[in-house]
Structure formats: structure tokens, C-alpha cells
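The file work-v4.cif comes next; it holds mmCIF, C-alpha atoms.
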data_upload
#
loop_
_atom_site.label_atom_id
_atom_site.label_comp_id
_atom_site.auth_asym_id
_atom_site.auth_seq_id
_atom_site.Cartn_x
_atom_site.Cartn_y
_atom_site.Cartn_z
CA MET A 737 134.81 128.99 44.67
CA ASN A 738 138.18 129.87 46.17
CA ASP A 739 137.88 133.36 44.77
CA SER A 740 134.53 134.03 46.36
CA LEU A 741 135.88 132.76 49.70
CA ASN A 742 138.76 135.15 49.39
CA ASN A 743 136.35 137.93 48.61
CA ILE A 744 134.29 137.21 51.69
CA SER A 745 137.28 137.22 53.98
CA LEU A 746 138.58 140.39 52.36
CA LEU A 747 135.21 141.99 52.92
CA ASN A 748 135.12 140.92 56.54
CA LYS A 749 138.63 142.19 57.10
CA ASN A 750 137.54 145.53 55.67
CA ARG A 751 134.46 145.52 57.85
CA ILE A 752 136.49 145.00 61.00
CA GLU A 753 138.94 147.69 59.97
CA ALA A 754 136.11 150.16 59.31
CA ILE A 755 134.38 149.39 62.60
CA LEU A 756 137.58 150.02 64.50
CA PHE A 757 138.48 153.04 62.39
CA VAL A 758 135.46 155.06 63.48
CA SER A 759 135.51 154.10 67.14
CA ASN A 760 137.25 156.13 69.83
CA LYS A 761 137.13 153.39 72.43
CA PRO A 762 137.99 149.71 72.40
CA VAL A 763 135.43 147.73 70.39
CA SER A 764 134.67 144.52 72.21
CA LEU A 765 135.61 141.25 70.57
CA ASN A 766 132.23 139.80 71.50
CA LYS A 767 130.40 142.56 69.70
CA ILE A 768 132.34 141.95 66.49
CA VAL A 769 131.66 138.23 66.81
CA ARG A 770 127.95 138.87 67.23
CA VAL A 771 127.53 141.44 64.48
CA LEU A 772 129.74 139.91 61.78
CA ASN A 773 129.08 136.33 62.81
CA ILE A 774 132.74 135.31 62.55
CA PRO A 775 134.48 133.15 65.18
CA PRO A 776 136.95 134.94 67.48
CA ASP A 777 139.92 133.00 66.10
CA THR A 778 139.23 134.33 62.62
CA ILE A 779 138.89 137.86 63.95
CA TYR A 780 142.29 137.56 65.62
CA GLU A 781 143.66 136.24 62.34
CA PHE A 782 142.25 139.20 60.42
CA ILE A 783 143.56 141.70 62.92
CA ASN A 784 147.00 140.10 62.75
CA GLU A 785 146.92 140.38 58.98
CA LEU A 786 145.81 144.00 59.18
CA ASN A 787 148.59 144.80 61.64
CA ASN A 788 151.13 143.04 59.43
CA ASN A 789 149.98 145.16 56.50
CA TYR A 790 150.38 148.34 58.54
CA LYS A 791 153.85 147.24 59.56
CA LYS A 792 154.83 146.47 55.99
CA THR A 793 153.74 149.88 54.77
CA ASN A 794 155.30 151.55 57.81
CA ALA A 795 151.98 153.01 58.90
CA SER A 796 151.83 155.39 61.85
CA PHE A 797 149.21 153.34 63.66
CA PHE A 798 148.25 149.81 64.58
CA ILE A 799 145.39 147.90 66.16
CA GLU A 800 145.92 147.37 69.85
CA GLU A 801 144.22 144.62 71.80
CA LEU A 802 142.89 146.33 74.88
CA ALA A 803 140.26 145.81 77.56
CA ASN A 804 138.64 142.77 75.93
CA GLY A 805 138.53 144.53 72.58
CA PHE A 806 140.47 146.34 69.88
CA ILE A 807 141.29 149.95 69.13
CA PHE A 808 143.39 151.91 66.65
CA ALA A 809 146.39 153.45 68.38
CA SER A 810 149.24 155.60 67.18
CA LYS A 811 152.69 154.00 67.32
CA PRO A 812 154.57 154.60 70.58
CA GLU A 813 157.45 156.16 68.61
CA LEU A 814 155.14 159.02 67.68
CA ASP A 815 154.31 159.85 71.26
CA ASP A 816 156.38 163.06 71.25
CA VAL A 817 154.75 164.77 68.31
CA ILE A 818 151.25 163.96 69.46
CA ARG A 819 151.95 165.19 72.95
CA VAL A 820 153.29 168.50 71.68
CA PHE A 821 150.65 169.01 69.01
CA TYR A 822 147.69 168.22 71.22
CA ASN A 823 149.08 169.83 74.32
CA LEU A 824 148.89 166.60 76.33
CA GLU A 825 150.32 166.20 79.77
CA GLU A 826 152.06 163.17 81.16
CA LYS A 827 149.31 160.66 81.81
CA LEU A 828 150.69 159.06 84.97
CA SER A 829 148.43 160.54 87.57
CA LEU A 830 148.66 157.91 90.28
CA THR A 831 150.99 158.11 93.26
CA ASP A 832 153.03 155.07 94.24
CA LEU A 833 150.75 154.53 97.19
CA ASN A 834 147.64 154.67 94.99
CA LEU A 835 149.31 152.19 92.67
CA GLU A 836 150.06 149.87 95.55
CA ILE A 837 146.44 149.81 96.64
CA LEU A 838 145.29 149.44 93.06
CA ALA A 839 147.61 146.43 92.73
CA ILE A 840 146.16 144.87 95.87
CA ILE A 841 142.67 145.27 94.43
CA ALA A 842 143.60 144.12 90.93
CA TYR A 843 145.15 140.86 92.10
CA ASN A 844 142.63 139.97 94.80
CA GLN A 845 139.35 141.30 93.48
CA PRO A 846 136.67 141.46 94.55
CA LEU A 847 137.68 142.34 98.09
CA THR A 848 136.62 144.60 100.94
CA ARG A 849 138.35 147.60 102.40
CA SER A 850 139.41 145.71 105.51
CA GLU A 851 140.93 143.01 103.31
CA ILE A 852 142.90 145.70 101.50
CA ASP A 853 143.99 147.17 104.82
CA ALA A 854 145.16 143.77 106.01
CA VAL A 855 147.72 143.46 103.18
CA ARG A 856 149.17 146.81 104.21
CA GLY A 857 149.54 145.98 107.88
CA ASN A 858 146.02 147.01 108.90
CA ILE A 859 146.47 150.58 107.76
CA ASP A 860 143.35 152.44 106.73
CA SER A 861 142.98 152.80 102.95
CA THR A 862 139.66 154.67 102.87
CA PHE A 863 141.15 157.82 101.41
CA HIS A 864 143.04 156.04 98.64
CA ILE A 865 140.02 153.92 97.74
CA LYS A 866 138.04 157.11 97.37
CA THR A 867 140.69 158.57 95.07
CA LEU A 868 140.74 155.42 92.93
CA LEU A 869 136.95 155.40 92.74
CA GLU A 870 136.91 159.06 91.70
CA LYS A 871 139.53 158.48 89.03
CA GLY A 872 137.52 155.56 87.72
CA PHE A 873 140.12 152.84 88.21
CA ILE A 874 137.97 150.80 90.58
CA LYS A 875 134.28 150.31 91.15
CA ILE A 876 132.05 148.87 93.79
CA ALA A 877 131.55 145.28 92.69
CA GLY A 878 128.95 144.23 95.21
CA ARG A 879 128.69 143.55 98.90
CA LYS A 880 130.31 140.76 100.85
CA LYS A 881 127.88 138.45 102.60
CA VAL A 882 129.29 138.92 106.08
CA PRO A 883 127.90 140.92 108.99
CA GLY A 884 127.74 144.58 107.96
CA SER A 885 127.78 143.60 104.28
CA PRO A 886 130.81 145.76 103.37
CA PHE A 887 131.40 146.89 99.80
CA LEU A 888 133.53 144.74 97.53
CA TYR A 889 135.89 146.56 95.17
CA GLY A 890 137.06 145.53 91.71
CA THR A 891 138.85 147.11 88.77
CA THR A 892 137.17 148.83 85.82
CA LYS A 893 137.58 148.82 82.06
CA GLN A 894 139.41 152.10 82.39
CA PHE A 895 141.94 150.30 84.55
CA LEU A 896 142.65 147.86 81.72
CA ILE A 897 142.95 150.72 79.23
CA TYR A 898 145.24 152.79 81.41
CA PHE A 899 147.67 149.94 81.93
CA GLY A 900 147.36 148.58 78.41
CA LEU A 901 145.97 145.22 79.49
CA LYS A 902 144.05 142.90 77.18
CA ASN A 903 142.06 141.56 80.11
CA LEU A 904 142.58 140.73 83.77
CA SER A 905 144.59 137.58 83.07
CA ASP A 906 147.00 139.84 81.19
CA LEU A 907 148.13 141.34 84.51
CA PRO A 908 151.84 140.88 85.16
CA ARG A 909 152.26 137.56 86.90
CA LEU A 910 153.02 137.75 90.56
CA GLU A 911 156.57 136.63 91.03
CA GLU A 912 157.29 133.43 92.80
CA ILE A 913 158.76 133.94 96.20
CA LYS A 914 162.42 134.62 95.68
CA ASP A 915 165.08 132.47 97.34
CA GLU A 916 166.88 135.44 98.81
CA PHE A 917 163.71 136.29 100.60
CA LEU A 918 163.79 133.17 102.73
CA ILE A 919 163.39 134.74 106.09
CA ARG A 920 163.14 131.65 108.16
CA GLY A 921 166.35 129.93 109.20
CA ASP A 922 167.07 126.63 107.45
CA ASP A 923 167.21 124.78 110.72
CA SER A 924 163.96 125.17 112.57
CA GLU A 925 165.70 124.35 115.84
CA THR A 926 167.47 127.66 115.72
CA ASP A 927 164.10 129.30 116.00
CA THR A 928 164.35 129.74 119.72
CA LEU A 929 164.87 132.90 121.62
CA PRO A 930 168.42 134.07 122.24
CA GLY A 931 169.56 133.02 125.67
CA PHE A 932 166.46 131.00 126.30
CA GLU A 933 167.24 127.50 125.18
CA MET B 345 173.02 150.99 112.67
CA ILE B 346 172.37 151.81 109.06
CA GLU B 347 171.48 155.25 107.80
CA TYR B 348 167.98 155.38 106.41
CA MET B 349 167.35 159.05 106.15
CA ILE B 350 168.14 159.21 102.46
CA HIS B 351 165.22 156.93 101.77
CA ALA B 352 162.92 158.46 104.30
CA GLU B 353 160.59 160.13 101.88
CA THR B 354 160.31 157.18 99.59
CA PHE B 355 158.73 154.75 102.04
CA ASN B 356 155.13 154.11 101.16
CA GLY B 357 154.16 153.45 104.73
CA PRO B 358 155.38 151.31 107.61
CA MET B 359 155.16 148.04 105.67
CA ASP B 360 157.51 149.47 103.10
CA LEU B 361 159.99 150.37 105.81
CA LEU B 362 159.65 146.92 107.39
CA LEU B 363 160.28 145.31 104.02
CA ASP B 364 163.41 147.38 103.58
CA LEU B 365 164.65 146.31 107.01
CA VAL B 366 163.85 142.65 106.40
CA ARG B 367 165.97 142.78 103.26
CA LYS B 368 168.85 144.46 105.06
CA HIS B 369 169.24 142.07 107.94
CA GLU B 370 170.62 138.78 106.80
CA VAL B 371 170.16 136.87 110.01
CA ASN B 372 168.95 133.32 109.91
CA VAL B 373 167.53 133.18 113.39
CA LEU B 374 164.03 134.47 113.06
CA THR B 375 163.61 136.06 116.47
CA LEU B 376 167.04 137.67 116.38
CA LYS B 377 166.27 139.10 113.00
CA MET B 378 162.96 140.44 114.27
CA LEU B 379 164.66 142.15 117.21
CA LYS B 380 167.12 143.88 114.90
CA ILE B 381 164.32 144.98 112.63
CA ILE B 382 162.35 146.39 115.55
CA ASP B 383 165.38 148.33 116.83
CA ASP B 384 165.99 149.85 113.42
CA PHE B 385 162.34 150.67 112.96
CA ILE B 386 162.27 152.57 116.27
CA ALA B 387 165.58 154.24 115.42
CA PHE B 388 164.11 155.40 112.14
CA ILE B 389 161.17 157.01 113.87
CA GLU B 390 163.43 158.68 116.44
CA LYS B 391 165.54 160.12 113.66
CA ALA B 392 162.49 161.29 111.80
CA LYS B 393 161.37 163.14 114.89
CA LYS B 394 164.71 164.92 115.19
CA THR B 395 164.76 166.00 111.57
CA ASP B 396 161.16 167.18 111.63
CA LEU B 397 160.30 164.65 109.02
CA GLU B 398 156.60 164.20 108.95
CA LEU B 399 155.60 160.61 109.36
CA THR B 400 152.07 159.41 109.10
CA THR B 401 150.48 158.05 112.26
CA ASP B 402 150.53 154.65 110.56
CA PHE B 403 154.21 154.44 111.42
CA LEU B 404 153.50 155.08 115.08
CA VAL B 405 150.74 152.47 115.19
CA VAL B 406 153.10 149.84 113.82
CA ALA B 407 155.90 151.08 116.08
CA SER B 408 153.78 150.64 119.20
CA TYR B 409 152.95 147.11 118.14
CA LEU B 410 156.63 146.39 117.49
CA VAL B 411 157.67 147.70 120.91
CA LEU B 412 155.16 145.37 122.53
CA LEU B 413 156.44 142.52 120.40
CA LYS B 414 160.00 143.29 121.42
CA SER B 415 159.17 143.18 125.12
CA ARG B 416 157.45 139.85 124.60
CA LEU B 417 160.45 138.53 122.71
CA LEU B 418 162.83 139.48 125.52
CA LEU B 419 160.81 138.41 128.53
CA PRO B 420 161.13 134.85 129.79
CA LYS B 421 158.19 132.67 128.86
CA THR B 422 156.89 129.12 128.84
CA GLN B 423 157.48 126.74 125.96
CA GLU B 424 153.89 127.21 124.86
CA GLU B 425 154.05 130.99 124.92
CA GLU B 426 157.27 130.89 122.99
CA GLU B 427 155.77 128.76 120.25
CA GLU B 428 152.88 131.15 120.00
CA LEU B 429 155.21 134.09 119.75
CA ILE B 430 157.29 132.48 117.02
CA GLU B 431 154.13 131.79 115.10
CA GLU B 432 153.17 135.43 115.40
CA VAL B 433 156.55 136.59 114.12
CA GLU B 434 156.28 134.14 111.24
CA ASP B 435 152.88 135.55 110.39
CA LEU B 436 154.31 139.04 110.42
CA MET B 437 157.12 137.95 108.11
CA ASP B 438 154.57 136.34 105.82
CA MET B 439 152.66 139.58 105.74
CA ILE B 440 155.78 141.48 104.77
CA LYS B 441 156.50 138.88 102.11
CA LYS B 442 153.01 139.28 100.63
CA TYR B 443 153.43 143.02 100.75
CA GLU B 444 156.68 142.72 98.80
CA ILE B 445 154.97 140.75 96.05
CA ILE B 446 152.26 143.37 95.74
CA LYS B 447 154.79 146.17 95.80
CA ASN B 448 156.76 144.60 92.98
CA ALA B 449 153.55 144.08 91.06
CA SER B 450 152.68 147.74 91.43
CA VAL B 451 156.09 148.76 90.10
CA GLU B 452 155.47 146.47 87.15
CA LEU B 453 152.04 148.02 86.61
CA LYS B 454 153.59 151.47 86.62
CA ASN B 455 155.86 150.41 83.77
CA PHE B 456 152.86 149.05 81.90
CA ALA B 457 151.10 152.40 82.28
CA LYS B 458 154.19 154.20 81.04
CA ILE B 459 154.32 152.09 77.88
CA GLN B 460 150.59 152.44 77.30
CA SER B 461 150.73 156.21 77.75
CA LYS B 462 152.82 156.43 74.59
CA MET B 463 149.99 155.13 72.46
CA HIS B 464 147.22 157.52 71.60
CA PHE B 465 143.65 156.93 70.56
CA ARG B 466 141.08 158.94 68.76
CA PHE B 467 139.80 161.67 71.04
CA ALA B 468 136.47 161.16 72.70
CA LYS B 469 136.01 164.91 72.67
CA ASN B 470 136.69 167.29 69.82
CA ALA B 471 140.42 167.06 69.06
CA GLU B 472 140.53 170.82 68.36
CA ASP B 473 139.91 171.40 72.05
CA TYR B 474 143.29 169.97 72.83
CA ILE B 475 145.25 172.18 70.49
CA ASP B 476 146.65 175.20 72.23
CA SER B 477 144.67 177.96 70.56
CA MET B 478 146.64 180.61 72.40
CA ILE B 479 149.73 180.14 70.26
CA ILE B 480 149.71 182.97 67.74
CA GLU B 481 152.46 183.98 65.35
CA LYS B 482 153.98 187.37 66.14
CA GLU B 483 153.12 188.94 62.79
CA GLU B 484 149.50 187.82 63.04
CA MET B 485 148.98 189.62 66.31
CA GLY B 486 146.59 192.55 66.37
CA PRO B 487 143.33 193.74 67.85
CA TYR B 488 141.30 191.67 65.45
CA ILE B 489 143.03 188.41 66.41
CA LEU B 490 142.75 189.26 70.08
CA SER B 491 139.02 189.88 69.89
CA LYS B 492 138.57 186.70 67.89
CA LYS B 493 140.44 184.70 70.50
CA MET B 494 138.36 186.25 73.22
CA ILE B 495 135.20 185.17 71.46
CA THR B 496 136.55 181.62 71.15
CA VAL B 497 137.29 181.54 74.86
CA LEU B 498 133.84 182.90 75.72
CA GLU B 499 132.19 180.42 73.40
CA ARG B 500 134.05 177.59 75.02
CA LEU B 501 133.02 178.76 78.48
CA GLU B 502 129.46 178.89 77.30
CA LYS B 503 129.70 175.38 75.93
CA GLU B 504 131.16 173.97 79.10
CA ARG B 505 128.39 175.34 81.25
CA ASP B 506 125.80 172.62 81.25
CA ILE B 507 122.38 174.14 81.48
CA VAL B 508 119.70 171.84 82.72
CA ASN B 509 116.14 173.03 82.92
CA ILE B 510 114.13 171.49 85.67
CA THR B 511 110.43 172.07 85.42
CA ARG B 512 108.47 172.04 88.59
CA GLU B 513 105.91 169.29 88.51
CA LYS B 514 102.57 170.43 89.71
CA PHE B 515 100.89 168.14 92.16
CA ASP B 516 97.98 169.15 94.26
CA ILE B 517 97.38 167.02 97.31
CA ILE B 518 94.02 168.60 98.07
CA GLU B 519 92.81 167.78 94.61
CA GLU B 520 94.02 164.20 95.01
CA ILE B 521 92.30 163.80 98.37
CA THR B 522 89.08 165.19 96.95
CA LYS B 523 89.31 162.73 94.10
CA LEU B 524 89.93 159.81 96.44
CA PHE B 525 87.17 160.98 98.76
CA GLU B 526 84.70 160.81 95.92
CA PHE B 527 86.09 157.41 94.96
CA PHE B 528 85.60 156.00 98.46
CA LYS B 529 82.05 157.29 98.60
CA GLU B 530 81.28 154.88 95.78
CA ASN B 531 83.67 152.03 96.55
CA GLN B 532 84.10 150.14 99.77
CA TYR B 533 87.40 148.37 99.15
CA THR B 534 90.42 148.79 96.91
CA GLU B 535 94.10 148.02 96.81
CA PHE B 536 96.86 150.61 96.49
CA SER B 537 98.25 149.21 93.25
CA GLU B 538 94.79 149.47 91.69
CA ILE B 539 94.51 153.21 92.18
CA SER B 540 98.17 153.88 91.36
CA GLN B 541 98.33 151.68 88.29
CA GLY B 542 99.75 153.33 85.18
CA LYS B 543 100.53 156.54 87.03
CA GLU B 544 103.85 158.34 86.97
CA LYS B 545 106.25 158.10 89.87
CA GLY B 546 105.49 161.57 91.20
CA GLU B 547 101.81 160.91 91.02
CA ILE B 548 102.09 157.61 92.87
CA VAL B 549 103.95 159.39 95.67
CA LEU B 550 101.16 161.97 95.75
CA ILE B 551 98.47 159.29 95.95
CA PHE B 552 100.41 157.63 98.74
CA PHE B 553 100.56 160.87 100.72
CA ALA B 554 96.90 161.44 100.08
CA ILE B 555 95.87 158.04 101.45
CA LEU B 556 98.08 158.59 104.51
CA GLN B 557 96.31 161.87 105.13
CA MET B 558 92.95 160.18 104.64
CA ALA B 559 93.85 157.40 107.05
CA LYS B 560 94.93 160.02 109.58
CA ARG B 561 91.54 161.70 109.28
CA GLU B 562 89.87 158.31 109.54
CA PHE B 563 88.26 158.41 106.12
CA ILE B 564 89.79 155.03 105.37
CA ASP B 565 91.46 152.06 107.05
CA LEU B 566 94.85 150.82 105.80
CA THR B 567 96.00 147.20 106.08
CA GLN B 568 99.31 145.71 105.00
CA ARG B 569 100.11 142.19 106.16
CA LYS B 570 103.83 142.06 105.39
CA ASN B 571 106.62 144.33 104.16
CA PHE B 572 106.18 145.28 100.50
CA GLY B 573 102.91 143.36 100.49
CA PRO B 574 99.71 144.78 99.00
CA ILE B 575 98.14 147.72 100.84
CA TYR B 576 94.40 147.31 101.28
CA LEU B 577 92.19 150.34 101.67
CA LYS B 578 88.77 150.18 103.28
CA SER B 579 86.39 153.09 103.15
CA LYS B 580 85.02 154.46 106.43
CA ILE B 581 83.13 157.25 104.74
CA THR B 582 79.43 157.43 105.65
CA GLU B 583 76.83 159.79 104.38
CA ASP B 584 77.56 162.13 107.27
CA THR B 585 81.26 162.36 106.59
CA ARG B 586 82.28 165.74 105.29
CA LEU B 587 85.53 166.60 103.62
CA GLU B 588 86.92 169.78 105.09
CA ILE B 589 89.43 170.97 102.56
CA GLY B 590 90.41 173.99 104.57
CA GLU B 591 92.40 171.83 106.96
CA TYR B 592 95.02 171.03 104.37
CA GLU B 593 95.76 174.52 103.31
#

Could I get this structure in the form of C-alpha cells?
Amino acid sequence: MNDSLNNISLLNKNRIEAILFVSNKPVSLNKIVRVLNIPPDTIYEFINELNNNYKKTNASFFIEELANGFIFASKPELDDVIRVFYNLEEKLSLTDLNLEILAIIAYNQPLTRSEIDAVRGNIDSTFHIKTLLEKGFIKIAGRKKVPGSPFLYGTTKQFLIYFGLKNLSDLPRLEEIKDEFLIRGDDSETDTLPGFE
Amino acid sequence: MIEYMIHAETFNGPMDLLLDLVRKHEVNVLTLKMLKIIDDFIAFIEKAKKTDLELTTDFLVVASYLVLLKSRLLLPKTQEEEEELIEEVEDLMDMIKKYEIIKNASVELKNFAKIQSKMHFRFAKNAEDYIDSMIIEKEEMGPYILSKKMITVLERLEKERDIVNITREKFDIIEEITKLFEFFKENQYTEFSEISQGKEKGEIVLIFFAILQMAKREFIDLTQRKNFGPIYLKSKITEDTRLEIGEYE
């Protein structure tokens, strides 16, 4: 009885490994759940075991959790050789300004262009939104139900992949407001104009 | 006055500059702090002008607002006006604070991307395409290799050119009108979806054009009670009506 159970879980582990092995993009967790009929927790367990095995044997790859799914990835230590062999360029193709706007969208999505502009001091972001759309980091996620029904923007799967995020809740947490950034005086009474008390 | 020129090129816009100034001035009194920030902001723009540094117009837009704000801060005002003004400055500070959080988040995201870029996946395209095929060992070099490489390059160019054949669909509006004309000789009423049922998109468009033409020539009457509602067609063809095809040519 115990043996056959072991066999089944070994088989399922192999199945997951094979599914991921042939894929060149993240395989969604939901799809594995549906096809193999195993609960997500067990899938995570299997993938952990697989990764532990790879680690033990010092394999050159591992299974990365990415964009609501899993994918085989080469170890970061091997970045150099792969870059040279496959003639790859540095992947960072976003300017700081693009990144800033992408961050605004990622943390507040879905939102409209004017809402993005507002965070940046009402500065027009049309051009940068266009760039981000073209590069596939954001998509139009609907229209806001206000006069003019402006487009709402949200992030894409490619965004998750590019930044190595498991899902949107995996975004770095916005820091709490730092103490040193207290801009208001402690005593509110001092908040009067100089020479006008 | 603090020197900002070193940083000039690294500001991602006026908010970034404002944030930098907010951090620099450690003054507890809000309005005083704001005045100092405004002065430095203007000074920065003046300096940029002198050194031919190109600033985006965004900086000037914010600068003009700040100059107005400064004049309002300095002019005498009623208690009520003053409270309003302080609220406005607080809002501005809040905005800068929110901007700082987003800016830090974007720096964090950049680090994430850097880490992720070190991990590589299976190629979606043929991996061979990525290998630099132009690297040839010295001793291998010769006319044969060169011609072979040339062929590879040409083949790749050929592959990358996506050839799509578009066949012209043949629709004949005269034929369609003739068909409908015959139909309306026999039938008094019909509905658009009845005659377009099961037809392809292009054909439906053709039928639609045909019935518009027929309505124009008063062969039929068209009725539609509401937008996207059914279109009813009523025949006006009598025995005397003649279809003059020539008109459509």
C-alpha cells in the first residue's frame, strides 16, 4: 500500500518535471492542477523536492516560480557563460523614468493616464506609457467609468517574468513612511508664516 | 546655496528635484522649508540655463507654479487664506512623499530585474539563431566558408521575411442586386438577418450595400426601430418596375 503510494507520487513528480522540461515559458500552476489533478500544496511540495535534488547533485539549473507558474532556469552563477555563448546583451532595457512609471502602474493598477500623471506632479506620461505598451510591460486593462471613459492600464505577464516575480503580491513592499521624512514640524503652531503671527 | 549641478542629469523630472530639495532642507517650519525649496528650485533652473543644460518643459511648468506659490506665501493674507495655503503646501509635501515611495520602489524593481536577468530559460526561438555564426577560426577561412556563410545569411533573411498571400475576394454588387430584385418580386417582406443568415462576413457586407442601393432606387423600404434592432425590408417592386443594371456600372 505504502509502496504504491510512493510510486504514484514519484510518477507525478516525474510528470511535473517532464512538463516543465519541455516548456519554454512558465507553466501555470492552475494548469498543472487541472491536468494532473493534484492539489497546489502537493505540487509545491514536489517542486521543492525536485529543486532539493538538483541542489544536492549540483545541477546547473533549477525550477523557478515565476508569473503564477514554474519554469526551468539556469543558475544565476552561470549567467556569464550563457551570455557569451549565446551572444546575449544586457537585458535591462528600461530607463529610470520608464521604471518609475512602471512602478506607479504596478502598485496602483488598474489606473488611468491622468492618475499616473498626478503621482508625478501632473506631468504628461503619454510617451512613456506608449513605450511600456510597445515593450509589452503593460496592457490596456479596460476603461474607467468616468466621463470620457479613459483607458485603464495594468501590468502584463511579461512584467512578472522580467522582474522575476511570482505574482503581483510578490512585488517589493512599499516602505513605510520613514521617520526622517517627517516634513511637518512637530508643533503645529509653528506652521504659521514667518513674520505673520 | 547648495551646488546641484553634479546631479543635474540624474533628476528624473521636477518631482525628483523637489524630493532632493525636501531631503536637503531640515527645517521644521513647513512654510519656511517650502520657501527655501522654491528658491533652490529656481536657482537650479537658472544655473541650468547658464550651462546650456537641457531641461524638459516639465521643470518650467513646476517652476511657474512654485513662483506663484512663493508670492502667495510672502504676501499678507487673512487667517482663512493662510490656512488654505498651508493645506496646499501640505498636499504638495504629501505628493512628494508619495513620489519618494514610488521612486524607491522603482529602484527596488530595477534590482529585481537585474537578479532575474541572470537566469536564463529555454529559447522561444531556435537557440542556434543566437550563436554568433560569424566567428570563424583563422585556419578554416577560405572562399568555401565565405560562400557558405553568405548562403546562411541569405537563408536567414529569407526566413525572416514573412510572406502573406492575400487573395482578393470577388464580390459582385450587381449580381447581388439582381438576385435580391428577383427575390423581392416573389416576396413582400423579409428581415435582414433572414437573407444574410449563414453567409460570410464579406458577403453580408455586400448584401447590406445591395439593400442600401435598392432602397435608394426605391425598390424596397427599410425600417429599423432601434439601434442594432432588426432591419425590416418591404418590397416596392411592381410588375412595371424594371431593373436597370447599367446604372451601377

Problem set entry | Expansion of the PyMOL selection byres ((chain B) within 8 of (chain A)) into residues, as a PyMOL selection string | chain B and resi 356+358-359+366-367+371-376+402+406+417-418+420+426+430+434+437+439+441-443+445-447+449-450+452-454+456-468+471+474-476

Exercise. CA of Leu577 (chain B) and CA of Ile564 (chain B), how far apart in Å?
Worked result: 6.4 Å

Exercise. From the set B:Ile381, B:Ala554, B:Ile495, B:Ala387, which residue has the shortest atom-to-atom contact distance to Lys368 (chain B), counting only C-alpha atoms?
Worked result: B:Ile381

Exercise. What's the 12 Å shell around Glu781 (chain A), counting all atoms listed in the file, without same-chain residues fewer than 3 positions away, as a list of chain:residue names?
Worked result: A:Ser745, A:Leu746, A:Asn748, A:Lys749, A:Ile752, A:Ile774, A:Pro775, A:Pro776, A:Asp777, A:Thr778, A:Asn784, A:Glu785, A:Leu786, A:Asn787, A:Asn788

Problem set entry | Within 10 Å of region 845-851 of chain A using all atoms listed in the file, minus same-chain residues under 6 positions, as a list in words |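 Those residues are Ala839, Asn858, Ile859, Asp860, Ser861, Thr862, Ile865, Lys875, Ile876, Ala877, Gly878, Arg879, Lys880, Ser885, Pro886, Phe887, Leu888, Tyr889, Gly890 and Thr891 of chain A.
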
How close does each residue of region 801-890 of chain A get to region 766-769 of chain A, giving the shortest atom pair and distance in Å to one decimal for every residue with an atom at most 12 Å away, counting only C-alpha atoms, sorted by chain and residue number, as CSV?
residue,atom,partner,partner_atom,distance
A:Ala803,CA,A:Asn766,CA,11.7
A:Asn804,CA,A:Asn766,CA,8.3
A:Gly805,CA,A:Asn766,CA,8.0
A:Phe806,CA,A:Ile768,CA,9.8

For this session: Grab the CA of Leu741 (chain A) to CA of Phe782 (chain A) distance for me, in Å with one decimal place.
Result: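 CA of Phe782 (chain A) lies 14.0 Å from CA of Leu741 (chain A).
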
Exercise. In Å, how far is it from CA of Val508 (chain B) to CA of Glu870 (chain A)?
Worked result: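 Result for CA of Val508 (chain B) versus CA of Glu870 (chain A): 23.2 Å, one decimal.
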
For this session: For the structure shown, which residues end up in the PyMOL selection byres ((chain B and resi 526-528) around 10)? Put them as a list of chain:residue names, please?
Result: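 Evaluating the PyMOL selection byres ((chain B and resi 526-528) around 10) on these coordinates yields B:Glu520, B:Ile521, B:Thr522, B:Lys523, B:Leu524, B:Phe525, B:Lys529, B:Glu530, B:Asn531, B:Gln532, B:Tyr533, B:Thr534, B:Ile539, B:Phe563, B:Ile564, B:Leu577, B:Lys578, B:Ser579, B:Lys580, B:Ile581, B:Thr582, B:Leu587.
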
For this session: For Leu566 (chain B), work out the shell of residues within 9 Å, counting only C-alpha atoms and skipping chain neighbours fewer than 5 positions away, then give it as a list in words.
Result: Ile555, Leu556, Ala559, Ile575, Tyr576, Leu577 and Lys578 of chain B

Produce the centre coordinates and the three edge lengths, each in Å to one decimal, of the box along x, y and z that contains all listed atoms of region 751-762 of chain A with 4 Å added on each side, as lines of an AutoDock Vina configuration file.
center_x = 136.7
center_y = 150.6
center_z = 65.1
size_x = 12.6
size_y = 19.1
size_z = 22.6

Exercise. With distances taken over all atoms listed in the file, which of B:Arg561, B:Glu535, B:Glu499, B:Phe552 is nearest to Ile517 (chain B)?
Worked result: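 For Ile517 (chain B), the nearest of the given residues is B:Phe552.
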
For this session: Return as a VMD selection string the set of residues that the PyMOL selection byres ((chain B and resi 410) around 12) yields on the displayed structure.
Result: (chain A and resid 857) or (chain B and resid 358 362 378 to 386 403 to 409 411 to 417 432 to 433 436)
